[in-house]
>>> print(open('work.cif').read())   # mmCIF, C-alpha atoms
data_entry
#
loop_
_atom_site.label_atom_id
_atom_site.label_comp_id
_atom_site.auth_asym_id
_atom_site.auth_seq_id
_atom_site.Cartn_x
_atom_site.Cartn_y
_atom_site.Cartn_z
CA MET U 135 0.00 0.00 0.00
CA THR U 136 1.31 3.42 -0.92
CA THR U 137 2.88 5.26 2.03
CA ILE U 138 1.10 8.52 1.29
CA ARG U 139 -2.16 9.42 -0.38
CA MET U 140 -1.68 10.21 -4.04
CA VAL U 141 -2.64 13.56 -5.49
CA ASP U 142 -5.84 13.43 -7.53
CA PRO U 143 -5.05 14.96 -10.94
CA ALA U 144 -8.61 16.32 -11.11
CA ALA U 145 -7.98 18.34 -7.95
CA ALA U 146 -4.54 19.61 -8.97
CA THR U 147 -4.04 23.27 -9.73
CA GLY U 148 -1.37 25.59 -11.07
CA PRO U 149 2.03 24.20 -12.13
CA THR U 150 1.17 20.75 -10.73
CA LYS U 151 -1.89 20.51 -12.97
CA GLU U 152 0.17 21.69 -15.96
CA ILE U 153 2.76 18.98 -15.37
CA PHE U 154 0.13 16.29 -14.80
CA ASP U 155 -1.50 17.30 -18.11
CA ALA U 156 1.88 17.12 -19.86
CA VAL U 157 2.66 13.73 -18.29
CA LEU U 158 -0.70 12.34 -19.41
CA ARG U 159 -0.26 13.66 -22.95
CA ARG U 160 3.17 12.07 -23.10
CA GLU U 161 2.17 8.72 -21.59
CA THR U 162 -0.99 8.51 -23.72
CA GLY U 163 1.05 9.10 -26.83
CA VAL U 164 3.80 6.64 -25.95
CA PHE U 165 1.94 3.70 -24.45
CA GLY U 166 -1.76 4.52 -24.40
CA ALA U 167 -2.11 5.54 -20.75
CA THR U 168 -5.57 6.76 -19.75
CA SER U 169 -4.58 8.43 -16.48
CA VAL U 170 -1.54 10.01 -14.86
CA SER U 171 0.60 7.18 -13.52
CA ASN U 172 0.98 6.74 -9.78
CA ILE U 173 4.67 7.63 -9.66
CA TRP U 174 3.91 11.17 -10.86
CA ARG U 175 0.81 11.48 -8.67
CA CYS U 176 2.93 10.73 -5.59
CA MET U 177 5.41 13.44 -6.51
CA GLY U 178 2.54 15.91 -6.79
CA HIS U 179 2.76 16.67 -3.08
CA SER U 180 6.03 18.47 -3.74
CA PRO U 181 5.70 20.70 -6.78
CA ALA U 182 9.46 21.35 -6.76
CA LEU U 183 10.25 17.60 -6.86
CA LEU U 184 7.59 16.99 -9.50
CA GLU U 185 8.89 19.77 -11.72
CA ALA U 186 12.55 18.81 -11.31
CA ASN U 187 11.92 15.17 -12.14
CA TRP U 188 9.58 15.97 -15.03
CA ASN U 189 12.24 18.25 -16.49
CA ARG U 190 14.80 15.45 -16.10
CA SER U 191 12.40 12.98 -17.66
CA ARG U 192 11.99 15.21 -20.67
CA ALA U 193 15.74 15.78 -20.92
CA LEU U 194 16.78 12.15 -20.45
CA MET U 195 13.86 10.11 -21.81
CA GLN U 196 12.48 12.28 -24.59
CA ARG U 197 15.54 13.80 -26.22
CA GLY U 198 18.59 12.22 -27.74
CA ARG U 199 19.56 9.74 -30.41
CA PHE U 200 17.99 6.59 -29.01
CA SER U 201 14.44 5.53 -29.80
CA PRO U 202 11.79 5.43 -27.04
CA LEU U 203 11.99 1.63 -27.21
CA GLN U 204 15.76 1.60 -26.72
CA ARG U 205 15.46 3.84 -23.67
CA GLU U 206 12.57 1.78 -22.29
CA LEU U 207 14.64 -1.42 -22.60
CA ILE U 208 17.42 0.12 -20.54
CA ALA U 209 14.95 1.60 -18.04
CA THR U 210 13.20 -1.73 -17.52
CA ALA U 211 16.47 -3.60 -17.07
CA VAL U 212 17.74 -1.00 -14.59
CA SER U 213 14.48 -1.26 -12.63
CA ILE U 214 14.90 -5.02 -12.42
CA GLY U 215 18.50 -4.52 -11.31
CA ASN U 216 17.28 -2.13 -8.63
CA ALA U 217 14.66 -4.70 -7.53
CA CYS U 218 11.88 -2.19 -8.15
CA THR U 219 8.48 -3.83 -8.32
CA TYR U 220 6.65 -0.75 -9.61
CA MET K 490 7.17 -3.41 -20.55
CA ARG K 491 5.42 -1.13 -22.97
CA LEU K 492 5.98 0.09 -26.52
CA GLY K 493 4.89 -3.09 -28.25
CA VAL K 494 7.60 -5.55 -27.22
CA ASP K 495 6.12 -9.05 -27.26
CA ALA K 496 6.63 -11.86 -24.76
CA VAL K 497 9.73 -13.09 -26.60
CA GLY K 498 11.31 -9.63 -26.42
CA VAL K 499 10.45 -9.26 -22.75
CA THR K 500 11.94 -12.67 -21.98
CA GLU K 501 15.10 -11.78 -23.90
CA LEU K 502 15.31 -8.55 -21.91
CA MET K 503 15.05 -10.49 -18.65
CA GLY K 504 17.78 -12.84 -19.89
CA VAL K 505 20.12 -9.96 -20.72
CA THR K 506 19.44 -8.42 -17.32
CA GLU K 507 20.02 -11.51 -15.20
CA HIS K 508 23.03 -12.57 -17.26
CA THR K 509 24.67 -9.16 -16.91
CA ARG K 510 24.00 -9.07 -13.17
CA ALA K 511 25.45 -12.57 -12.82
CA LEU K 512 28.58 -11.68 -14.81
CA ALA K 513 29.01 -8.49 -12.77
CA THR K 514 28.79 -10.58 -9.61
CA ALA K 515 31.33 -13.07 -10.97
CA ALA K 516 33.72 -10.27 -11.96
CA ALA K 517 33.39 -8.63 -8.54
CA GLY K 518 33.83 -11.98 -6.83
CA LEU K 519 37.04 -12.48 -8.76
CA LEU K 520 38.21 -8.96 -7.80
CA LEU K 521 38.45 -7.97 -11.45
CA ASP K 522 38.67 -4.20 -11.23
CA SER K 523 39.54 -3.17 -14.76
CA LEU K 524 39.46 -4.53 -18.30
CA GLU K 525 43.15 -3.66 -18.65
CA SER K 526 44.26 -5.20 -15.38
CA GLU K 527 45.70 -8.71 -15.10
CA ARG K 528 45.04 -8.79 -11.34
CA ALA K 529 42.41 -11.18 -10.03
CA LEU K 530 41.59 -13.36 -7.06
CA VAL K 531 42.61 -16.33 -9.19
CA ALA K 532 45.34 -16.13 -11.84
CA PRO K 533 44.04 -16.48 -15.39
CA LEU K 534 44.71 -19.59 -17.41
CA ASP K 535 47.29 -19.11 -20.16
CA PRO K 536 45.41 -19.81 -23.41
CA ASP K 537 48.57 -21.17 -25.02
CA LYS K 538 48.86 -23.81 -22.31
CA ALA K 539 45.17 -24.67 -21.97
CA GLU K 540 44.16 -28.13 -23.08
CA ASP K 541 41.09 -28.76 -25.20
CA PRO K 542 38.20 -28.27 -24.90
CA VAL K 543 39.09 -25.18 -22.84
CA GLY K 544 41.88 -24.19 -25.22
CA ALA K 545 39.51 -24.35 -28.20
CA LEU K 546 36.93 -22.34 -26.27
CA LEU K 547 39.44 -19.63 -25.39
CA ASP K 548 40.44 -19.49 -29.07
CA GLU K 549 36.78 -19.07 -29.99
CA ILE K 550 36.41 -16.28 -27.43
CA ALA K 551 39.57 -14.58 -28.71
CA VAL K 552 38.17 -14.62 -32.26
CA TRP K 553 34.94 -13.12 -30.95
CA ALA K 554 36.87 -10.51 -28.94
CA GLU K 555 38.79 -9.43 -32.04
CA ALA K 556 35.52 -8.83 -33.90
CA ALA K 557 33.66 -7.34 -30.94
CA MET K 558 36.39 -5.40 -29.14
CA GLY K 559 39.28 -5.13 -31.58
CA CYS K 560 41.71 -7.23 -29.56
CA ARG K 561 42.37 -10.91 -30.25
CA VAL K 562 42.67 -11.95 -26.62
CA ALA K 563 39.99 -13.61 -24.52
CA PRO K 564 39.04 -11.06 -21.84
CA MET K 565 40.36 -11.73 -18.36
CA LEU K 566 36.95 -12.82 -17.02
CA TRP K 567 36.85 -15.74 -19.43
CA ARG K 568 40.48 -16.70 -18.88
CA VAL K 569 39.85 -16.94 -15.16
CA LEU K 570 36.60 -18.88 -15.53
CA ALA K 571 38.56 -21.27 -17.77
CA HIS K 572 39.85 -23.03 -14.64
CA ASN K 573 36.48 -24.80 -14.60
CA PRO K 574 35.70 -26.20 -18.07
CA HIS K 575 32.01 -26.69 -17.30
CA TYR K 576 31.64 -23.19 -15.88
CA ILE K 577 33.26 -21.40 -18.81
CA GLU K 578 31.51 -23.45 -21.46
CA ALA K 579 28.02 -23.11 -19.99
CA THR K 580 28.50 -19.38 -19.34
CA TRP K 581 30.06 -18.59 -22.72
CA ARG K 582 27.36 -20.53 -24.61
CA LYS K 583 24.73 -18.70 -22.59
CA ASP K 584 26.39 -15.38 -23.40
CA ARG K 585 26.35 -16.14 -27.11
CA ALA K 586 22.73 -17.29 -27.01
CA LEU K 587 21.48 -14.31 -25.01
CA MET K 588 23.54 -11.46 -26.45
CA SER K 589 23.13 -12.23 -30.16
CA ASP K 590 20.39 -10.85 -32.40
CA GLY K 591 16.92 -12.10 -31.55
CA ALA K 592 13.62 -10.30 -31.08
CA LEU K 593 15.88 -7.54 -29.75
CA SER K 594 18.99 -6.53 -31.68
CA ALA K 595 22.43 -7.43 -30.34
CA ARG K 596 23.28 -3.70 -30.15
CA ASP K 597 20.19 -2.87 -28.08
CA LYS K 598 20.90 -5.83 -25.81
CA ARG K 599 24.46 -4.63 -25.27
CA ARG K 600 23.29 -1.07 -24.50
CA THR K 601 20.81 -2.54 -22.04
CA ALA K 602 23.60 -4.61 -20.49
CA LEU K 603 25.66 -1.45 -20.02
CA GLY K 604 22.73 0.14 -18.21
CA VAL K 605 22.46 -2.87 -15.90
CA ALA K 606 26.21 -2.90 -15.25
CA MET K 607 26.09 0.81 -14.38
CA ALA K 608 23.08 0.29 -12.10
CA VAL K 609 24.80 -2.48 -10.14
CA ARG K 610 28.12 -0.58 -10.18
CA GLY K 611 29.93 -3.44 -11.85
CA ARG K 612 33.12 -1.67 -12.86
CA TYR K 613 34.58 -4.54 -14.91
CA LEU K 614 31.30 -5.18 -16.74
CA ILE K 615 30.91 -1.45 -17.40
CA GLU K 616 34.34 -1.35 -19.06
CA TYR K 617 33.77 -4.66 -20.88
CA THR K 618 30.39 -3.64 -22.29
CA ALA K 619 31.43 -0.08 -23.09
CA ALA K 620 34.43 -1.43 -25.04
CA ILE K 621 32.10 -3.56 -27.16
CA LEU K 622 29.74 -0.66 -27.78
CA ARG K 623 32.56 1.74 -28.64
CA HIS K 624 33.99 -0.79 -31.09
CA ALA K 625 30.52 -1.02 -32.67
CA GLY K 626 30.50 2.76 -33.10
CA ASP K 627 28.82 4.13 -30.01
CA THR K 628 30.17 7.52 -28.97
CA ASP K 629 30.69 9.30 -25.66
CA ARG K 630 27.31 10.94 -26.21
CA ASP K 631 25.65 7.53 -26.61
CA LEU K 632 27.19 6.26 -23.37
CA ILE K 633 26.04 9.39 -21.55
CA GLU K 634 22.54 8.88 -22.96
CA ILE K 635 22.51 5.38 -21.45
CA LEU K 636 23.79 6.77 -18.15
CA GLY K 637 21.01 9.36 -18.19
CA VAL K 638 18.37 6.63 -18.37
CA VAL K 639 20.11 4.70 -15.57
CA ASP K 640 20.29 7.84 -13.44
CA HIS K 641 16.67 8.85 -14.03
CA TYR K 642 15.28 5.37 -13.39
CA THR K 643 17.34 5.02 -10.24
CA THR K 644 15.54 8.18 -9.12
CA LEU K 645 12.11 6.80 -10.05
CA ASN K 646 12.88 3.37 -8.55
CA THR K 647 13.94 4.97 -5.27
CA LEU K 648 10.79 7.08 -5.09
CA SER K 649 8.45 4.23 -6.00
CA GLU K 650 10.05 1.79 -3.55
CA GLY K 651 10.35 4.38 -0.79
CA MET K 652 6.71 5.33 -1.13
CA GLN K 653 5.63 1.74 -1.87
CA ILE K 654 3.68 2.91 -4.88
CA GLU K 655 1.30 0.30 -6.25
CA SER K 656 1.77 -0.51 -9.91
CA ASP K 657 -0.87 0.95 -12.18
CA ILE K 658 0.74 -0.48 -15.29
CA ARG K 659 -1.09 -3.55 -16.55
CA PRO K 660 -0.10 -6.02 -19.26
CA PRO K 661 -2.10 -5.76 -22.47
CA ALA K 662 -5.31 -7.82 -22.52
#
>>> encode(input="work.cif", output="structure tokens")
Amino acid sequence: MTTIRMVDPAAATGPTKEIFDAVLRRETGVFGATSVSNIWRCMGHSPALLEANWNRSRALMQRGRFSPLQRELIATAVSIGNACTY
Amino acid sequence: MRLGVDAVGVTELMGVTEHTRALATAAAGLLLDSLESERALVAPLDPDKAEDPVGALLDEIAVWAEAAMGCRVAPMLWRVLAHNPHYIEATWRKDRALMSDGALSARDKRRTALGVAMAVRGRYLIEYTAAILRHAGDTDRDLIEILGVVDHYTTLNTLSEGMQIESDIRPPA
């Protein structure tokens, strides 16, 4: 069970809502997500953390020479290596 | 896994991941600290003195190393494992089976392996895999791009484990 309550995207306002909207657009386009994923909703309690990690996500996962699939392969393997169940 | 990779691709990805972690553990266990170093917990077998089938296997690995890394010498890891013929043969055959082209390309598998080696801080495997990728044409920028994914996902993994976030990602129906 998640340690803290997750932020409801429908109740988000300001910069947090803007980032949630951008996350959903991105995740819908890449893998057909229908809602903001839980990892981003958890970060919503700290707008500074949410913004910093979203900016890093855009810089590291959305720009560069590799394809989205190539980056996702590495990301999945790293998550296994880090024993991350999410 | 998302982005349309089928069950075969996912299974290959798991194979690359566990194999890389296992090799990183073996290299660390042998105190291999650098691709260039000849120091190890156990002295390497001299390929010129190895009897078959180990000698033939080390020759095969040297031929592969020339094509993959530009140096016709079996890397230290394999020369040390050569003390146990069953160990080296089973591990080398597994390496060939897992790291060659399949549903995923050999290049993508090797880039993924570098990410795993970085994540588990396996210095020898980082150098080993980076040498293969550089020989195949990957640049500093490519290696940094892989590191960026490792870095970012270490962040996300830490957050999701620390907050015990429940997965909301489901396999396709």
>>> resolve_selection(input="work.cif", expression="the PyMOL selection byres ((chain K) within 9 of (chain U))", output="PyMOL selection string")
chain K and resi 490-494+499+502-503+505-507+510+597-598+600-609+630-631+634-635+637-658
>>> write_last_selection(input="work.cif", atoms="C-alpha atoms", output="PDB file, keeping the file's coordinate frame")
ATOM      1  CA  MET K 490       7.170  -3.410 -20.550  1.00  0.00           C
ATOM      2  CA  ARG K 491       5.420  -1.130 -22.970  1.00  0.00           C
ATOM      3  CA  LEU K 492       5.980   0.090 -26.520  1.00  0.00           C
ATOM      4  CA  GLY K 493       4.890  -3.090 -28.250  1.00  0.00           C
ATOM      5  CA  VAL K 494       7.600  -5.550 -27.220  1.00  0.00           C
ATOM      6  CA  VAL K 499      10.450  -9.260 -22.750  1.00  0.00           C
ATOM      7  CA  LEU K 502      15.310  -8.550 -21.910  1.00  0.00           C
ATOM      8  CA  MET K 503      15.050 -10.490 -18.650  1.00  0.00           C
ATOM      9  CA  VAL K 505      20.120  -9.960 -20.720  1.00  0.00           C
ATOM     10  CA  THR K 506      19.440  -8.420 -17.320  1.00  0.00           C
ATOM     11  CA  GLU K 507      20.020 -11.510 -15.200  1.00  0.00           C
ATOM     12  CA  ARG K 510      24.000  -9.070 -13.170  1.00  0.00           C
ATOM     13  CA  ASP K 597      20.190  -2.870 -28.080  1.00  0.00           C
ATOM     14  CA  LYS K 598      20.900  -5.830 -25.810  1.00  0.00           C
ATOM     15  CA  ARG K 600      23.290  -1.070 -24.500  1.00  0.00           C
ATOM     16  CA  THR K 601      20.810  -2.540 -22.040  1.00  0.00           C
ATOM     17  CA  ALA K 602      23.600  -4.610 -20.490  1.00  0.00           C
ATOM     18  CA  LEU K 603      25.660  -1.450 -20.020  1.00  0.00           C
ATOM     19  CA  GLY K 604      22.730   0.140 -18.210  1.00  0.00           C
ATOM     20  CA  VAL K 605      22.460  -2.870 -15.900  1.00  0.00           C
ATOM     21  CA  ALA K 606      26.210  -2.900 -15.250  1.00  0.00           C
ATOM     22  CA  MET K 607      26.090   0.810 -14.380  1.00  0.00           C
ATOM     23  CA  ALA K 608      23.080   0.290 -12.100  1.00  0.00           C
ATOM     24  CA  VAL K 609      24.800  -2.480 -10.140  1.00  0.00           C
ATOM     25  CA  ARG K 630      27.310  10.940 -26.210  1.00  0.00           C
ATOM     26  CA  ASP K 631      25.650   7.530 -26.610  1.00  0.00           C
ATOM     27  CA  GLU K 634      22.540   8.880 -22.960  1.00  0.00           C
ATOM     28  CA  ILE K 635      22.510   5.380 -21.450  1.00  0.00           C
ATOM     29  CA  GLY K 637      21.010   9.360 -18.190  1.00  0.00           C
ATOM     30  CA  VAL K 638      18.370   6.630 -18.370  1.00  0.00           C
ATOM     31  CA  VAL K 639      20.110   4.700 -15.570  1.00  0.00           C
ATOM     32  CA  ASP K 640      20.290   7.840 -13.440  1.00  0.00           C
ATOM     33  CA  HIS K 641      16.670   8.850 -14.030  1.00  0.00           C
ATOM     34  CA  TYR K 642      15.280   5.370 -13.390  1.00  0.00           C
ATOM     35  CA  THR K 643      17.340   5.020 -10.240  1.00  0.00           C
ATOM     36  CA  THR K 644      15.540   8.180  -9.120  1.00  0.00           C
ATOM     37  CA  LEU K 645      12.110   6.800 -10.050  1.00  0.00           C
ATOM     38  CA  ASN K 646      12.880   3.370  -8.550  1.00  0.00           C
ATOM     39  CA  THR K 647      13.940   4.970  -5.270  1.00  0.00           C
ATOM     40  CA  LEU K 648      10.790   7.080  -5.090  1.00  0.00           C
ATOM     41  CA  SER K 649       8.450   4.230  -6.000  1.00  0.00           C
ATOM     42  CA  GLU K 650      10.050   1.790  -3.550  1.00  0.00           C
ATOM     43  CA  GLY K 651      10.350   4.380  -0.790  1.00  0.00           C
ATOM     44  CA  MET K 652       6.710   5.330  -1.130  1.00  0.00           C
ATOM     45  CA  GLN K 653       5.630   1.740  -1.870  1.00  0.00           C
ATOM     46  CA  ILE K 654       3.680   2.910  -4.880  1.00  0.00           C
ATOM     47  CA  GLU K 655       1.300   0.300  -6.250  1.00  0.00           C
ATOM     48  CA  SER K 656       1.770  -0.510  -9.910  1.00  0.00           C
ATOM     49  CA  ASP K 657      -0.870   0.950 -12.180  1.00  0.00           C
ATOM     50  CA  ILE K 658       0.740  -0.480 -15.290  1.00  0.00           C
TER      51      ILE K 658
END
>>> residues_around(input="work.cif", residues="range 534-550 of chain K", least_positions_apart="3", cutoff="8 Å", atoms="only C-alpha atoms", output="ChimeraX atom specification")
/K:553-554,562-563,567-569,571-572,574,578
>>> residues_around(input="work.cif", residues="Thr168 in chain U", least_positions_apart="5", cutoff="9 Å", atoms="all atoms listed in the file", output="PyMOL selection string")
chain U and resi 158+161-162
>>> residues_around(input="work.cif", residues="Ala619 in chain K", least_positions_apart="2", cutoff="10 Å", atoms="only C-alpha atoms", output="list in words")
Met558, Arg599, Arg600, Ala602, Leu603, Gly604, Ala606, Tyr613, Leu614, Ile615, Glu616, Tyr617, Ile621, Leu622, Arg623, His624, Ala625, Asp627, Thr628, Asp629 and Leu632 of chain K
>>> atom_distance(input="work.cif", atom1="CA of Lys583 in chain K", atom2="CA of Asp522 in chain K")
23.1 Å
>>> resolve_selection(input="work.cif", expression="the PyMOL selection byres ((chain U and resi 181) around 10)", output="mmCIF file with C-alpha atoms, keeping the file's coordinate frame")
data_model
loop_
_atom_site.group_PDB
_atom_site.id
_atom_site.type_symbol
_atom_site.label_atom_id
_atom_site.label_comp_id
_atom_site.auth_asym_id
_atom_site.auth_seq_id
_atom_site.Cartn_x
_atom_site.Cartn_y
_atom_site.Cartn_z
ATOM 1 C CA GLY U 148 -1.370 25.590 -11.070
ATOM 2 C CA PRO U 149 2.030 24.200 -12.130
ATOM 3 C CA THR U 150 1.170 20.750 -10.730
ATOM 4 C CA LYS U 151 -1.890 20.510 -12.970
ATOM 5 C CA ILE U 153 2.760 18.980 -15.370
ATOM 6 C CA MET U 177 5.410 13.440 -6.510
ATOM 7 C CA GLY U 178 2.540 15.910 -6.790
ATOM 8 C CA HIS U 179 2.760 16.670 -3.080
ATOM 9 C CA SER U 180 6.030 18.470 -3.740
ATOM 10 C CA ALA U 182 9.460 21.350 -6.760
ATOM 11 C CA LEU U 183 10.250 17.600 -6.860
ATOM 12 C CA LEU U 184 7.590 16.990 -9.500
ATOM 13 C CA GLU U 185 8.890 19.770 -11.720
ATOM 14 C CA ALA U 186 12.550 18.810 -11.310
ATOM 15 C CA ASN U 187 11.920 15.170 -12.140
#
